[in-house]
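Engineer: Enclosed is the structure file query-v1.cif (mmCIF, C-alpha atoms).
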```cif
data_target
#
loop_
_atom_site.label_atom_id
_atom_site.label_comp_id
_atom_site.auth_asym_id
_atom_site.auth_seq_id
_atom_site.Cartn_x
_atom_site.Cartn_y
_atom_site.Cartn_z
CA LEU A 282 29.35 -54.28 131.66
CA VAL A 283 30.71 -54.91 128.12
CA LEU A 284 29.77 -52.48 125.36
CA SER A 285 30.58 -52.67 121.63
CA VAL A 286 30.13 -49.79 119.24
CA THR A 287 30.55 -52.04 116.15
CA GLU A 288 27.63 -54.18 115.02
CA ALA A 289 28.17 -57.68 113.65
CA GLY A 290 26.90 -56.72 110.19
CA ALA A 291 29.29 -53.78 109.93
CA MET A 292 32.16 -56.00 111.07
CA ALA A 293 31.33 -58.63 108.43
CA THR A 294 31.13 -55.95 105.71
CA ARG A 295 34.46 -54.48 106.81
CA ILE A 296 36.19 -57.89 106.76
CA ALA A 297 34.76 -58.63 103.29
CA SER A 298 36.00 -55.30 101.91
CA LEU A 299 39.49 -55.86 103.32
CA THR A 300 39.92 -59.47 102.22
CA GLY A 301 37.87 -59.73 99.06
CA PHE A 302 36.10 -62.84 100.43
CA GLN A 303 32.71 -63.43 101.97
CA ALA A 304 32.75 -62.82 105.73
CA ALA A 305 30.79 -64.13 108.69
CA VAL A 306 30.61 -63.18 112.37
CA ALA A 307 29.42 -65.44 115.18
CA ARG A 308 29.62 -65.52 118.94
CA GLY A 309 29.58 -68.56 121.12
CA GLY A 310 28.79 -70.74 118.07
CA ALA A 311 25.71 -68.69 117.19
CA PRO A 312 25.76 -66.87 113.80
CA LEU A 313 25.35 -63.10 114.08
CA ALA A 314 25.87 -61.76 110.53
CA SER A 315 27.40 -62.63 107.15
CA THR A 316 27.91 -61.15 103.71
CA VAL A 317 26.83 -64.35 101.99
CA PRO A 318 24.12 -63.62 99.38
CA ASN A 319 20.64 -63.40 100.91
CA GLY A 320 22.30 -63.02 104.33
CA ALA A 321 22.26 -66.76 105.01
CA PRO A 322 23.69 -67.58 108.45
CA VAL A 323 27.01 -69.41 108.61
CA ASP A 324 27.56 -71.81 111.47
CA PRO A 325 31.21 -71.75 112.59
CA PRO A 326 32.97 -75.14 112.71
CA GLY A 327 34.36 -76.58 115.89
CA SER A 328 37.99 -76.16 114.74
CA GLN A 329 40.01 -73.26 113.37
CA SER A 330 41.23 -75.21 110.34
CA ALA A 331 40.05 -74.53 106.80
CA VAL A 332 36.89 -76.53 106.12
CA THR A 333 34.10 -76.79 103.57
CA PHE A 334 30.71 -75.22 104.41
CA ASP A 335 27.27 -75.75 102.95
CA VAL A 336 25.43 -72.43 103.12
CA ALA A 337 21.97 -72.22 101.61
CA GLY A 338 22.76 -75.02 99.17
CA THR A 339 26.09 -73.50 98.01
CA GLU A 340 29.41 -75.03 98.91
CA TYR A 341 32.00 -72.69 100.44
CA ARG A 342 35.58 -73.12 101.57
CA GLY A 343 36.68 -71.02 104.53
CA LYS A 344 38.16 -70.65 107.98
CA PHE A 345 37.10 -69.10 111.31
CA THR A 346 39.29 -67.46 113.96
CA ARG A 347 38.29 -66.91 117.57
CA VAL A 348 38.87 -63.56 119.23
CA ASP A 349 38.61 -63.59 123.03
CA GLY A 350 36.87 -60.64 124.65
CA PRO A 351 37.05 -59.23 128.17
CA ALA A 352 33.81 -60.99 129.08
CA GLY A 353 31.42 -63.49 127.60
CA PRO A 354 32.06 -66.11 124.90
CA PRO A 355 34.67 -65.40 122.21
CA VAL A 356 33.78 -63.77 118.92
CA GLU A 357 34.32 -65.92 115.81
CA LEU A 358 35.37 -64.19 112.58
CA GLY A 359 35.42 -66.14 109.35
CA VAL A 360 36.21 -65.66 105.69
CA LEU A 361 34.93 -68.00 102.98
CA THR A 362 34.63 -68.24 99.23
CA PRO A 363 32.58 -70.48 96.93
CA THR A 364 34.46 -73.61 96.00
CA ALA A 365 33.49 -73.02 92.36
CA SER A 366 35.38 -69.70 92.26
CA LEU A 367 38.23 -71.27 94.21
CA ALA A 368 38.47 -74.04 91.63
CA ALA A 369 38.49 -71.41 88.87
CA ARG A 370 41.33 -69.58 90.60
CA ILE A 371 43.27 -72.82 90.96
CA GLU A 372 42.71 -73.53 87.27
CA ASP A 373 43.87 -70.02 86.36
CA ALA A 374 46.96 -70.52 88.52
CA ARG A 375 47.66 -73.82 86.78
CA LEU A 376 47.34 -72.15 83.38
CA LEU A 377 49.68 -69.38 84.51
CA ILE A 378 52.21 -71.92 85.78
CA ALA A 379 51.95 -73.86 82.53
CA ALA A 380 52.47 -70.67 80.50
CA VAL A 381 55.49 -69.68 82.58
CA PHE A 382 56.92 -73.19 82.24
CA ALA A 383 56.38 -73.15 78.47
CA LEU A 384 58.08 -69.74 78.26
CA PHE A 385 60.99 -71.06 80.31
CA VAL A 386 61.33 -74.06 77.98
CA LEU A 387 61.31 -71.77 74.92
CA VAL A 388 63.94 -69.50 76.44
CA ALA A 389 66.05 -72.52 77.38
CA LEU A 390 65.77 -73.92 73.83
CA ALA A 391 66.68 -70.55 72.33
CA GLY A 392 69.67 -70.26 74.65
CA ALA A 393 70.78 -73.80 73.87
CA THR A 394 70.48 -73.12 70.13
CA PHE A 395 72.51 -69.93 70.44
CA VAL A 396 75.21 -71.65 72.50
CA SER A 397 75.30 -74.60 70.08
CA ARG A 398 75.73 -72.32 67.07
CA SER A 399 78.38 -70.29 68.86
CA LEU A 400 80.30 -73.44 69.76
CA ALA A 401 79.95 -74.76 66.22
CA GLY A 402 81.32 -71.48 64.85
CA GLN A 403 84.31 -71.54 67.20
CA ILE A 404 85.02 -75.20 66.44
CA GLY A 405 84.81 -74.40 62.71
CA THR A 406 87.36 -71.62 63.19
CA PHE A 407 89.80 -74.01 64.89
CA LEU A 408 89.19 -76.65 62.21
CA GLU A 409 90.03 -74.17 59.46
CA ALA A 410 93.17 -73.11 61.34
CA ALA A 411 94.21 -76.76 61.68
CA ARG A 412 93.76 -77.20 57.93
CA ARG A 413 95.98 -74.18 57.28
CA LEU A 414 98.59 -75.69 59.56
CA SER A 415 98.45 -78.94 57.60
CA ARG A 416 99.10 -76.92 54.41
CA GLY A 417 102.14 -75.27 56.01
CA ASP A 418 100.55 -71.88 56.69
CA PHE A 419 101.73 -70.88 60.15
CA ARG A 420 101.20 -67.15 59.81
CA SER A 421 97.40 -67.09 59.96
CA LEU A 422 96.39 -66.91 63.63
CA VAL A 423 93.10 -67.80 65.26
CA PRO A 424 91.06 -64.76 66.42
CA VAL A 425 90.81 -64.69 70.23
CA HIS A 426 87.80 -63.11 71.98
CA GLY A 427 86.93 -63.03 75.68
CA ASN A 428 88.49 -64.90 78.59
CA ASP A 429 86.80 -68.30 78.40
CA GLU A 430 88.28 -71.73 77.68
CA PHE A 431 87.99 -71.22 73.91
CA ALA A 432 90.02 -68.01 74.19
CA GLU A 433 92.71 -69.89 76.12
CA LEU A 434 92.65 -72.67 73.53
CA GLY A 435 92.99 -70.09 70.74
CA SER A 436 95.97 -68.47 72.49
CA GLU A 437 97.68 -71.84 72.89
CA PHE A 438 96.93 -72.66 69.26
CA ASN A 439 98.49 -69.39 68.10
CA ASP A 440 101.55 -69.95 70.29
CA MET A 441 101.95 -73.43 68.81
CA SER A 442 101.71 -72.00 65.28
CA LEU A 443 104.38 -69.40 66.01
CA ARG A 444 106.68 -71.99 67.58
CA LEU A 445 106.25 -74.27 64.58
CA ASP A 446 107.01 -71.36 62.26
CA ARG A 447 110.23 -70.61 64.15
CA LYS A 448 111.23 -74.28 64.18
CA ILE A 449 110.67 -74.56 60.44
CA ALA A 450 112.71 -71.40 59.88
CA GLU A 451 115.52 -72.90 61.95
CA LEU A 452 115.31 -76.14 60.01
CA GLU A 453 115.46 -74.22 56.75
CA LEU A 454 118.57 -72.43 57.98
CA LYS A 455 120.15 -75.74 58.98
CA ARG A 456 119.26 -77.16 55.59
CA GLN A 457 120.97 -74.24 53.88
CA GLU A 458 124.02 -74.66 56.09
CA LEU A 459 124.13 -78.36 55.27
CA ALA A 460 123.84 -77.61 51.57
CA GLU A 461 126.70 -75.10 51.86
CA THR A 462 128.79 -77.68 53.69
CA ILE A 463 128.17 -80.26 51.01
CA ARG A 464 129.06 -77.69 48.39
CA ARG A 465 132.32 -76.90 50.15
CA VAL A 466 133.18 -80.59 50.52
CA GLY A 467 132.50 -80.93 46.83
CA ASP A 468 134.82 -78.00 46.17
CA ALA A 469 137.51 -79.65 48.28
CA LEU A 470 137.11 -82.92 46.42
CA ALA A 471 137.22 -81.01 43.18
CA THR A 472 140.64 -79.60 44.15
CA GLY A 473 141.99 -83.12 44.33
CA LEU A 474 142.03 -83.29 48.14
CA ASP A 475 144.61 -80.51 48.40
CA ARG A 476 145.68 -80.49 52.04
CA ASP A 477 145.69 -76.74 52.34
CA GLY A 478 142.25 -76.56 50.74
CA VAL A 479 140.86 -79.19 53.12
CA VAL A 480 142.32 -77.40 56.15
CA ALA A 481 140.88 -74.09 54.98
CA LEU A 482 137.47 -75.79 54.51
CA ALA A 483 137.66 -77.22 58.03
CA VAL A 484 138.46 -73.80 59.45
CA ARG A 485 135.53 -72.20 57.60
CA GLN A 486 133.17 -74.90 58.82
CA ALA A 487 134.38 -74.49 62.41
CA VAL A 488 133.90 -70.71 62.19
CA ASP A 489 130.38 -71.12 60.78
CA ALA A 490 129.40 -73.78 63.30
CA CYS A 491 130.50 -71.61 66.24
CA ASN A 492 129.28 -68.29 64.82
CA ALA A 493 132.84 -67.03 65.37
CA ASP A 494 134.54 -64.06 63.81
CA GLY A 495 137.56 -66.01 62.69
CA GLY A 496 139.58 -69.20 63.09
CA ARG A 497 142.99 -70.72 62.72
CA ALA A 498 144.20 -74.28 62.17
CA LEU A 499 147.50 -75.37 63.76
#
```
Turn this file's structure into structure tokens for me.

Structural biologist:
Amino acid sequence: LVLSVTEAGAMATRIASLTGFQAAVARGGAPLASTVPNGAPVDPPGSQSAVTFDVAGTEYRGKFTRVDGPAGPPVELGVLTPTASLAARIEDARLLIAAVFALFVLVALAGATFVSRSLAGQIGTFLEAARRLSRGDFRSLVPVHGNDEFAELGSEFNDMSLRLDRKIAELELKRQELAETIRRVGDALATGLDRDGVVALAVRQAVDACNADGGRAL
């Protein structure tokens, strides 16, 4: 003896309220109840795959599932929705996807524009620094921000500027030393190549060249 305390109509109403779709209940292939308008019966298909139904002249898309009981044929529970509303939902989903894609494209373009302007600004900074270098200004350094490749390039650029400044200072010192040497040679020649004067000049040059405190010629 098999007894059920839930009627087919109540079951169909419960399924419809839980799923938001139209519901149908059948047993052994025979329709028992449905929530389709006007209570039109819905014949379950032979398979449990999603199929298209024609119910009272309206096309529905749905699927049935079999539930085996302790006795008798299995109960078939189905949910279905009009294909017109399904097509509207698909169209809404397409519009939503298109809107999201358009928003993504706009964000990507805005990001690309920002990155392009940032790169152009950094490149302009390096270009101006290179122009200052070409004019002989080695004291103005490139501002360094962050830890990216441009920051590393700016640090290397500043190091190069400082090294060039030191090299130029050394060259200027050498130039002054050379000028002093020429002046001293001129003084020696002006003395008429006095041997003592020439020796004294040689000693002074040796002391200067070696950064010594003193010297003596033998």

Engineer: I'd like to know which of A:Ile378, A:Ala401, A:Val484, A:Glu453 is closest to Gly496 of chain A, using all atoms listed in the file.

Structural biologist: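 Result for the nearest residue to Gly496 of chain A: A:Val484.
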
Engineer: Write out as a PyMOL selection string which residues come within 9 Å of segment 354-367 of chain A when counting all atoms listed in the file, dropping same-chain ones fewer than 2 positions away.

Structural biologist: chain A and resi 292-293+296-297+300+302-310+312+317+325+333-334+339-352+369-372

Engineer: Let me know the residues the PyMOL selection byres ((chain A and resi 455-464) around 10) catches in the file above, as an MDAnalysis selection string.

Structural biologist: chainID A and resid 449:454 465:470 482:483 485:486 489:490

Engineer: Output the residue selection produced by the PyMOL selection byres ((chain A and resi 446) around 12) on the file above, formatted as a ChimeraX atom specification.

Structural biologist: /A:414,417-422,439-445,447-453

Engineer: So, with only C-alpha atoms as the atoms that count, which of A:Val381, A:Ala493, A:Leu390, A:Ala498 lies closest to Ala481 of chain A?

Structural biologist: A:Ala498

Engineer: If you measure from atom CA of Thr316 of chain A to atom CA of Gly290 of chain A, what distance in Å do you get, rounded to one decimal?

Structural biologist: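 Atom-to-atom, atom CA of Thr316 of chain A and atom CA of Gly290 of chain A are spaced 7.9 Å apart.
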
Engineer: Could you rebuild segment 388-401 of chain A with N, CA, C and O atoms and give me the result as a short mmCIF file (atom, residue, chain, number, x, y, z; two decimals), in the coordinates of the input?

Structural biologist:
```cif
data_model
loop_
_atom_site.label_atom_id
_atom_site.label_comp_id
_atom_site.auth_asym_id
_atom_site.auth_seq_id
_atom_site.Cartn_x
_atom_site.Cartn_y
_atom_site.Cartn_z
N VAL A 388 62.72 -70.27 76.20
CA VAL A 388 63.94 -69.50 76.44
C VAL A 388 65.14 -70.43 76.55
O VAL A 388 66.23 -70.15 76.02
N ALA A 389 64.95 -71.57 77.24
CA ALA A 389 66.05 -72.52 77.38
C ALA A 389 66.45 -73.09 76.01
O ALA A 389 67.65 -73.22 75.71
N LEU A 390 65.46 -73.40 75.16
CA LEU A 390 65.77 -73.92 73.83
C LEU A 390 66.50 -72.87 72.99
O LEU A 390 67.46 -73.18 72.27
N ALA A 391 66.01 -71.61 73.09
CA ALA A 391 66.68 -70.55 72.33
C ALA A 391 68.12 -70.36 72.81
O ALA A 391 69.04 -70.21 72.00
N GLY A 392 68.31 -70.39 74.13
CA GLY A 392 69.67 -70.26 74.65
C GLY A 392 70.55 -71.42 74.23
O GLY A 392 71.72 -71.23 73.87
N ALA A 393 69.99 -72.64 74.28
CA ALA A 393 70.78 -73.80 73.87
C ALA A 393 71.14 -73.73 72.39
O ALA A 393 72.26 -74.07 71.99
N THR A 394 70.19 -73.26 71.56
CA THR A 394 70.48 -73.12 70.13
C THR A 394 71.58 -72.10 69.89
O THR A 394 72.50 -72.31 69.08
N PHE A 395 71.49 -70.96 70.59
CA PHE A 395 72.51 -69.93 70.44
C PHE A 395 73.88 -70.44 70.86
O PHE A 395 74.89 -70.24 70.16
N VAL A 396 73.93 -71.12 72.01
CA VAL A 396 75.21 -71.65 72.50
C VAL A 396 75.76 -72.70 71.54
O VAL A 396 76.95 -72.74 71.25
N SER A 397 74.86 -73.55 71.01
CA SER A 397 75.30 -74.60 70.08
C SER A 397 75.89 -73.99 68.81
O SER A 397 76.95 -74.42 68.33
N ARG A 398 75.21 -72.96 68.28
CA ARG A 398 75.73 -72.32 67.07
C ARG A 398 77.04 -71.60 67.35
O ARG A 398 77.96 -71.61 66.52
N SER A 399 77.14 -70.96 68.51
CA SER A 399 78.38 -70.29 68.86
C SER A 399 79.53 -71.28 68.97
O SER A 399 80.63 -71.04 68.45
N LEU A 400 79.27 -72.41 69.64
CA LEU A 400 80.30 -73.44 69.76
C LEU A 400 80.68 -74.01 68.40
O LEU A 400 81.85 -74.25 68.11
N ALA A 401 79.66 -74.22 67.55
CA ALA A 401 79.95 -74.76 66.22
C ALA A 401 80.81 -73.79 65.42
O ALA A 401 81.74 -74.19 64.71
#
```
